[in-house]
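Structure file upload_33.cif; described as mmCIF, C-alpha atoms.
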data_structure
#
loop_
_atom_site.label_atom_id
_atom_site.label_comp_id
_atom_site.auth_asym_id
_atom_site.auth_seq_id
_atom_site.Cartn_x
_atom_site.Cartn_y
_atom_site.Cartn_z
CA MET A 1 -19.76 -23.20 8.04
CA GLU A 2 -16.38 -21.78 9.13
CA PHE A 3 -14.97 -25.32 8.88
CA LEU A 4 -16.33 -25.59 5.34
CA ARG A 5 -14.76 -22.25 4.40
CA ASP A 6 -11.37 -23.28 5.82
CA THR A 7 -11.57 -26.67 4.13
CA LEU A 8 -12.27 -24.97 0.81
CA LEU A 9 -9.27 -22.69 1.33
CA TYR A 10 -6.91 -25.60 2.13
CA PHE A 11 -8.20 -27.62 -0.83
CA VAL A 12 -7.76 -24.72 -3.26
CA ILE A 13 -4.24 -23.80 -2.14
CA ALA A 14 -3.13 -27.44 -2.06
CA VAL A 15 -4.38 -28.17 -5.59
CA CYS A 16 -3.06 -24.88 -6.98
CA ALA A 17 0.36 -25.37 -5.37
CA ILE A 18 0.63 -28.80 -6.98
CA THR A 19 -0.56 -27.73 -10.43
CA ASP A 20 1.64 -24.63 -10.43
CA VAL A 21 4.77 -26.60 -9.57
CA MET A 22 3.98 -29.53 -11.89
CA TYR A 23 2.48 -27.73 -14.91
CA GLY A 24 3.23 -24.04 -14.36
CA LYS A 25 -0.51 -23.33 -14.39
CA ILE A 26 -3.33 -22.53 -12.02
CA PHE A 27 -6.49 -23.81 -13.59
CA ASN A 28 -9.74 -21.86 -13.97
CA LYS A 29 -11.72 -24.98 -13.10
CA ILE A 30 -10.32 -24.59 -9.57
CA THR A 31 -10.30 -20.80 -9.12
CA TYR A 32 -13.69 -19.87 -10.59
CA PRO A 33 -15.71 -22.35 -8.54
CA ALA A 34 -13.64 -21.38 -5.47
CA ILE A 35 -14.61 -17.73 -5.93
CA ILE A 36 -18.30 -18.60 -6.22
CA LEU A 37 -18.25 -21.09 -3.33
CA GLY A 38 -16.31 -18.66 -1.15
CA LEU A 39 -18.88 -15.95 -1.72
CA LEU A 40 -21.79 -18.35 -1.11
CA ILE A 41 -20.30 -19.73 2.11
CA ASN A 42 -19.66 -16.23 3.40
CA LEU A 43 -23.20 -15.20 2.46
CA ALA A 44 -24.47 -18.14 4.53
CA LEU A 45 -22.30 -16.95 7.44
CA GLY A 46 -23.99 -13.55 7.37
CA MET A 47 -23.89 -10.17 5.71
CA LYS A 48 -20.75 -9.07 7.59
CA HIS A 49 -18.81 -12.08 6.26
CA PHE A 50 -20.22 -11.61 2.77
CA GLN A 51 -19.17 -7.94 2.68
CA SER A 52 -15.72 -8.90 3.90
CA ALA A 53 -15.48 -11.54 1.15
CA VAL A 54 -16.54 -9.12 -1.58
CA ILE A 55 -14.06 -6.49 -0.38
CA GLY A 56 -11.31 -9.11 -0.05
CA MET A 57 -12.01 -10.41 -3.54
CA ILE A 58 -11.96 -6.93 -5.10
CA VAL A 59 -8.84 -5.79 -3.23
CA ALA A 60 -6.94 -8.96 -4.16
CA PHE A 61 -8.03 -8.73 -7.79
CA ILE A 62 -6.97 -5.08 -8.15
CA MET A 63 -3.61 -5.52 -6.37
CA PHE A 64 -2.61 -8.57 -8.36
CA LEU A 65 -4.05 -7.28 -11.64
CA ILE A 66 -1.69 -4.30 -11.45
CA VAL A 67 1.30 -6.63 -11.05
CA PHE A 68 -0.05 -8.83 -13.87
CA LEU A 69 -0.32 -5.83 -16.19
CA ILE A 70 3.36 -4.96 -15.76
CA GLY A 71 4.30 -8.56 -16.50
CA GLY A 72 5.14 -9.71 -12.98
CA LEU A 73 2.51 -12.45 -12.60
CA GLY A 74 0.38 -14.81 -14.60
CA GLY A 75 -3.40 -14.61 -14.85
CA GLY A 76 -3.80 -17.74 -12.74
CA ASP A 77 -2.00 -16.04 -9.85
CA VAL A 78 -4.47 -13.14 -10.02
CA LYS A 79 -7.44 -15.52 -9.98
CA LEU A 80 -5.98 -17.60 -7.14
CA MET A 81 -5.52 -14.54 -4.93
CA THR A 82 -9.02 -13.36 -5.90
CA ALA A 83 -10.37 -16.74 -4.78
CA ILE A 84 -8.51 -16.47 -1.48
CA GLY A 85 -10.04 -13.04 -0.99
CA ALA A 86 -13.51 -14.42 -1.71
CA ILE A 87 -13.01 -17.31 0.70
CA LYS A 88 -11.36 -15.59 3.68
CA GLY A 89 -12.24 -11.94 3.06
CA TYR A 90 -10.68 -8.71 4.15
CA PRO A 91 -8.31 -8.08 6.03
CA PHE A 92 -7.05 -11.69 5.80
CA VAL A 93 -6.29 -11.32 2.10
CA MET A 94 -3.95 -8.39 2.83
CA TYR A 95 -1.88 -10.58 5.15
CA ALA A 96 -1.92 -13.41 2.63
CA ALA A 97 -0.82 -11.03 -0.15
CA PHE A 98 1.99 -9.60 1.99
CA TYR A 99 3.35 -13.00 3.00
CA SER A 100 2.93 -14.31 -0.56
CA ALA A 101 5.02 -11.43 -1.87
CA LEU A 102 7.61 -12.07 0.84
CA VAL A 103 7.83 -15.79 0.05
CA GLY A 104 7.84 -15.11 -3.71
CA GLY A 105 10.60 -12.53 -3.32
CA LEU A 106 12.72 -14.93 -1.31
CA MET A 107 12.11 -17.68 -3.86
CA SER A 108 13.07 -15.32 -6.70
CA ILE A 109 16.26 -14.20 -5.01
CA ALA A 110 17.24 -17.79 -4.25
CA ILE A 111 16.61 -18.91 -7.84
CA MET A 112 18.45 -15.91 -9.33
CA ILE A 113 21.45 -16.55 -7.08
CA TRP A 114 21.36 -20.28 -7.87
CA LYS A 115 21.33 -19.60 -11.63
CA GLY A 116 23.87 -16.78 -11.45
CA LYS A 117 21.40 -14.15 -12.68
CA PHE A 118 20.98 -12.05 -9.53
CA ILE A 119 22.53 -8.81 -10.82
CA ARG A 120 20.72 -8.96 -14.18
CA GLY A 121 17.43 -9.76 -12.50
CA MET A 122 17.70 -6.91 -9.99
CA ARG A 123 18.68 -4.49 -12.77
CA ASN A 124 15.57 -5.55 -14.71
CA ILE A 125 13.31 -5.00 -11.69
CA PHE A 126 14.75 -1.56 -10.87
CA ARG A 127 14.54 -0.53 -14.53
CA VAL A 128 10.80 -1.22 -14.53
CA ILE A 129 10.19 0.45 -11.16
CA PHE A 130 12.03 3.62 -12.22
CA SER A 131 10.22 3.69 -15.58
CA TYR A 132 6.87 3.68 -13.73
CA ILE A 133 8.03 6.48 -11.43
CA PHE A 134 9.20 8.44 -14.49
CA SER A 135 5.86 7.86 -16.26
CA PHE A 136 3.96 9.24 -13.24
CA ILE A 137 6.14 12.37 -13.19
CA PHE A 138 5.89 12.85 -16.97
CA PRO A 139 2.42 11.76 -18.17
CA GLY A 140 2.41 10.36 -21.66
CA VAL A 141 5.69 8.50 -21.25
CA LYS A 142 5.02 4.79 -21.56
CA PRO A 143 6.47 2.68 -18.72
CA LEU A 144 8.59 -0.38 -19.48
CA SER A 145 7.60 -3.94 -18.66
CA LEU A 146 9.73 -6.74 -17.32
CA ASN A 147 12.12 -8.22 -19.85
CA PRO A 148 11.45 -11.99 -19.90
CA GLU A 149 14.99 -12.74 -21.10
CA GLU A 150 16.43 -11.10 -17.97
CA SER A 151 13.86 -12.57 -15.58
CA GLU A 152 13.47 -15.93 -13.93
CA ARG A 153 10.05 -17.52 -13.80
CA ILE A 154 9.03 -18.88 -10.45
CA PRO A 155 5.88 -20.79 -9.54
CA PHE A 156 4.34 -17.76 -7.81
CA GLY A 157 1.13 -19.71 -7.21
CA PHE A 158 3.19 -21.90 -4.91
CA ALA A 159 4.41 -18.75 -3.11
CA ILE A 160 0.80 -17.59 -2.78
CA CYS A 161 -0.12 -20.91 -1.19
CA LEU A 162 2.77 -20.74 1.29
CA GLY A 163 2.04 -17.08 2.05
CA THR A 164 -1.62 -17.88 2.65
CA LEU A 165 -0.69 -20.68 5.04
CA TRP A 166 1.60 -18.24 6.84
CA ALA A 167 -1.35 -15.82 7.18
CA VAL A 168 -3.56 -18.65 8.49
CA VAL A 169 -1.00 -19.45 11.18
CA GLU A 170 -0.73 -15.78 12.09
CA PHE A 171 -4.51 -15.45 12.41
CA MET A 172 -4.84 -18.77 14.24
CA PHE A 173 -2.24 -18.00 16.90
CA ASN A 174 -2.65 -14.20 16.83
CA VAL A 175 1.09 -13.68 16.48
CA SER A 176 2.90 -11.74 13.78
CA ILE A 177 6.38 -12.21 12.36
CA PHE A 178 6.96 -8.58 13.35
CA ASP A 179 6.44 -9.48 17.03
CA PHE A 180 9.83 -11.21 16.90
CA PHE A 181 11.55 -8.00 15.82
CA LYS A 182 10.19 -5.78 18.58
CA ILE A 183 12.67 -4.50 21.09
#
Before anything else, please render the file you have as structure tokens.
Amino acid sequence: MEFLRDTLLYFVIAVCAITDVMYGKIFNKITYPAIILGLLINLALGMKHFQSAVIGMIVAFIMFLIVFLIGGLGGGDVKLMTAIGAIKGYPFVMYAAFYSALVGGLMSIAIMIWKGKFIRGMRNIFRVIFSYIFSFIFPGVKPLSLNPEESERIPFGFAICLGTLWAVVEFMFNVSIFDFFKI
């Protein structure tokens, strides 16, 4: 069953990486069945795995929904990460989310530098972050969202797929990127 779960994960991230790069979309006909199959496979593996899958799915959905609501991601990215949470569970999904954000950030910086929009893009990001901080300090003040004209779209689904593979390698070999930075 573990082999089936891993095979499902690799299939989902491979298909979603391809469709996100080619069409700029992650399709529901991939993510919805992946969520259901992930939960069913984990249920077959036992209650501990099923609970981990449900927690992973919920945590991934909430984290990525927040970023979606401020305009930082598309809905397909949210559903893809939710599917990864349902397939591999918690805490794996936290590692996958972290590495996905890292890869996506590096991709964004590279694209902004390449297109000569680094300063404008960073200004846009900081403007939104500070508006959210301001809205928490002063309730009732509406926070700003990302300005699409000053932002660069990246295939974040592709970054999620690479980040998930990075998390798989980390779990497989029980080694973290942070191990290389220890003194």
Requested in this report: I would like the residues chosen by the PyMOL selection byres ((chain A and resi 10) around 12) on the shown file; could you give them as a PyMOL selection string?
Outcome: chain A and resi 3-9+11-17+34+83-84+87-88+161-162+164-165+168
Query raised in the report: Between A:Ala101, A:Val21, A:Val169, A:Ile70, which is the closest to Val128 (chain A) once you count only C-alpha atoms?
Result: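 Checking each candidate against Val128 (chain A), we get A:Ile70 as the closest.
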Box along x, y and z, 3 Å on every side, all listed atoms of region 35-45 of chain A inside: centre and edge lengths in Å to one decimal, as AutoDock Vina command-line options.
--center_x -19.5 --center_y -18.1 --center_z 0.6 --size_x 15.9 --size_y 11.9 --size_z 19.7
Report task. Find the residue from A:Asp77, A:Ile62, A:Ile35, A:Leu45 that sits nearest to Gly104 (chain A); use all atoms listed in the file when measuring. Result ->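 The shortest atom-to-atom distance to Gly104 (chain A) comes from A:Asp77.
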**Report entry** Distance of CA of Ser145 (chain A) from CA of Ser100 (chain A), expressed in Å to one decimal place
**Finding:**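 Separation between CA of Ser100 (chain A) and CA of Ser145 (chain A): 21.4 Å.
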Query raised in the report: Which value, in Å to one decimal, gives the distance between CA of Gly56 (chain A) and CA of Met94 (chain A)?
Result: 7.9 Å
Query raised in the report: Which residues match the PyMOL selection byres ((chain A and resi 63) around 12) in the file above, as a ChimeraX atom specification?
Result: /A:56-62,64-70,72-73,77-79,81-82,85,93-94,97-98,101
Requested in this report: Report the distance between CA of Met172 (chain A) and CA of Tyr99 (chain A) in Å, rounded to one decimal place.
Outcome: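 Those two atoms sit 15.1 Å apart.
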Report task. Go through A:Asp20, A:Gly105, A:Phe173, A:Tyr90 one by one, measure the shortest atom-to-atom distance of each to Val54 (chain A) using all atoms listed in the file, and give the residue with the smallest value. Result -> A:Tyr90
Report task. Excluding Phe118 (chain A) and residues on its chain fewer than 5 positions from it, collect all residues at most 8 Å away from it, counting all atoms listed in the file, and give them as a ChimeraX atom specification. Result -> /A:109,112-113
Output C-alpha atoms for every residue in that selection, as a compact mmCIF listing (two decimals), in the frame of the given file.
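Contents of selection_1.txt, freshly written:
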# COMPACT_ATOMS: atom_id res chain seq x y z
CA ILE A 109 16.26 -14.20 -5.01
CA MET A 112 18.45 -15.91 -9.33
CA ILE A 113 21.45 -16.55 -7.08
Requested in this report: For Met107 (chain A), work out the shell of residues within 8 Å, counting only C-alpha atoms and skipping chain neighbours fewer than 3 positions away, then give it as a ChimeraX atom specification.
Outcome: /A:103-104,110-111,154,159
Mind rebuilding region 4-28 of chain A with N, CA and C atoms and writing that out as a PDB file, in the coordinates of the input?
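To be explicit, this is the file written out as selection.pdb:
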ATOM      1  N   LEU A   4     -16.176 -25.396   6.782  1.00  0.00           N
ATOM      2  CA  LEU A   4     -16.330 -25.590   5.340  1.00  0.00           C
ATOM      3  C   LEU A   4     -15.504 -24.550   4.570  1.00  0.00           C
ATOM      4  N   ARG A   5     -15.529 -23.313   5.047  1.00  0.00           N
ATOM      5  CA  ARG A   5     -14.760 -22.250   4.400  1.00  0.00           C
ATOM      6  C   ARG A   5     -13.257 -22.540   4.490  1.00  0.00           C
ATOM      7  N   ASP A   6     -12.788 -22.969   5.660  1.00  0.00           N
ATOM      8  CA  ASP A   6     -11.370 -23.280   5.820  1.00  0.00           C
ATOM      9  C   ASP A   6     -10.964 -24.496   4.995  1.00  0.00           C
ATOM     10  N   THR A   7     -11.837 -25.483   4.942  1.00  0.00           N
ATOM     11  CA  THR A   7     -11.570 -26.670   4.130  1.00  0.00           C
ATOM     12  C   THR A   7     -11.451 -26.306   2.660  1.00  0.00           C
ATOM     13  N   LEU A   8     -12.339 -25.439   2.199  1.00  0.00           N
ATOM     14  CA  LEU A   8     -12.270 -24.970   0.810  1.00  0.00           C
ATOM     15  C   LEU A   8     -10.941 -24.264   0.554  1.00  0.00           C
ATOM     16  N   LEU A   9     -10.536 -23.404   1.479  1.00  0.00           N
ATOM     17  CA  LEU A   9      -9.270 -22.690   1.330  1.00  0.00           C
ATOM     18  C   LEU A   9      -8.102 -23.675   1.222  1.00  0.00           C
ATOM     19  N   TYR A  10      -8.032 -24.638   2.137  1.00  0.00           N
ATOM     20  CA  TYR A  10      -6.910 -25.600   2.130  1.00  0.00           C
ATOM     21  C   TYR A  10      -6.920 -26.451   0.864  1.00  0.00           C
ATOM     22  N   PHE A  11      -8.099 -26.834   0.404  1.00  0.00           N
ATOM     23  CA  PHE A  11      -8.200 -27.620  -0.830  1.00  0.00           C
ATOM     24  C   PHE A  11      -7.685 -26.806  -2.018  1.00  0.00           C
ATOM     25  N   VAL A  12      -8.141 -25.565  -2.123  1.00  0.00           N
ATOM     26  CA  VAL A  12      -7.760 -24.720  -3.260  1.00  0.00           C
ATOM     27  C   VAL A  12      -6.247 -24.465  -3.270  1.00  0.00           C
ATOM     28  N   ILE A  13      -5.677 -24.103  -2.124  1.00  0.00           N
ATOM     29  CA  ILE A  13      -4.240 -23.800  -2.140  1.00  0.00           C
ATOM     30  C   ILE A  13      -3.400 -25.064  -2.338  1.00  0.00           C
ATOM     31  N   ALA A  14      -3.877 -26.195  -1.854  1.00  0.00           N
ATOM     32  CA  ALA A  14      -3.130 -27.440  -2.060  1.00  0.00           C
ATOM     33  C   ALA A  14      -3.122 -27.819  -3.548  1.00  0.00           C
ATOM     34  N   VAL A  15      -4.288 -27.798  -4.173  1.00  0.00           N
ATOM     35  CA  VAL A  15      -4.380 -28.170  -5.590  1.00  0.00           C
ATOM     36  C   VAL A  15      -3.601 -27.183  -6.452  1.00  0.00           C
ATOM     37  N   CYS A  16      -3.746 -25.897  -6.172  1.00  0.00           N
ATOM     38  CA  CYS A  16      -3.060 -24.880  -6.980  1.00  0.00           C
ATOM     39  C   CYS A  16      -1.543 -24.929  -6.785  1.00  0.00           C
ATOM     40  N   ALA A  17      -1.084 -25.233  -5.594  1.00  0.00           N
ATOM     41  CA  ALA A  17       0.360 -25.370  -5.370  1.00  0.00           C
ATOM     42  C   ALA A  17       0.902 -26.519  -6.214  1.00  0.00           C
ATOM     43  N   ILE A  18       0.194 -27.626  -6.222  1.00  0.00           N
ATOM     44  CA  ILE A  18       0.630 -28.800  -6.980  1.00  0.00           C
ATOM     45  C   ILE A  18       0.619 -28.524  -8.478  1.00  0.00           C
ATOM     46  N   THR A  19      -0.480 -27.964  -8.983  1.00  0.00           N
ATOM     47  CA  THR A  19      -0.560 -27.730 -10.430  1.00  0.00           C
ATOM     48  C   THR A  19       0.426 -26.658 -10.886  1.00  0.00           C
ATOM     49  N   ASP A  20       0.690 -25.664 -10.038  1.00  0.00           N
ATOM     50  CA  ASP A  20       1.640 -24.630 -10.430  1.00  0.00           C
ATOM     51  C   ASP A  20       3.060 -25.173 -10.495  1.00  0.00           C
ATOM     52  N   VAL A  21       3.424 -26.021  -9.551  1.00  0.00           N
ATOM     53  CA  VAL A  21       4.770 -26.600  -9.570  1.00  0.00           C
ATOM     54  C   VAL A  21       4.896 -27.626 -10.697  1.00  0.00           C
ATOM     55  N   MET A  22       3.888 -28.461 -10.889  1.00  0.00           N
ATOM     56  CA  MET A  22       3.980 -29.530 -11.890  1.00  0.00           C
ATOM     57  C   MET A  22       3.805 -29.032 -13.328  1.00  0.00           C
ATOM     58  N   TYR A  23       2.820 -28.132 -13.549  1.00  0.00           N
ATOM     59  CA  TYR A  23       2.480 -27.730 -14.910  1.00  0.00           C
ATOM     60  C   TYR A  23       2.725 -26.253 -15.202  1.00  0.00           C
ATOM     61  N   GLY A  24       3.063 -25.470 -14.168  1.00  0.00           N
ATOM     62  CA  GLY A  24       3.230 -24.040 -14.360  1.00  0.00           C
ATOM     63  C   GLY A  24       1.929 -23.317 -14.621  1.00  0.00           C
ATOM     64  N   LYS A  25       0.823 -23.907 -14.161  1.00  0.00           N
ATOM     65  CA  LYS A  25      -0.510 -23.330 -14.390  1.00  0.00           C
ATOM     66  C   LYS A  25      -1.376 -23.439 -13.150  1.00  0.00           C
ATOM     67  N   ILE A  26      -2.252 -22.471 -13.017  1.00  0.00           N
ATOM     68  CA  ILE A  26      -3.330 -22.530 -12.020  1.00  0.00           C
ATOM     69  C   ILE A  26      -4.607 -22.536 -12.839  1.00  0.00           C
ATOM     70  N   PHE A  27      -5.379 -23.572 -12.690  1.00  0.00           N
ATOM     71  CA  PHE A  27      -6.490 -23.810 -13.590  1.00  0.00           C
ATOM     72  C   PHE A  27      -7.773 -23.075 -13.174  1.00  0.00           C
ATOM     73  N   ASN A  28      -8.467 -22.548 -14.200  1.00  0.00           N
ATOM     74  CA  ASN A  28      -9.740 -21.860 -13.970  1.00  0.00           C
ATOM     75  C   ASN A  28     -10.785 -22.771 -13.350  1.00  0.00           C
TER      76      ASN A  28
END
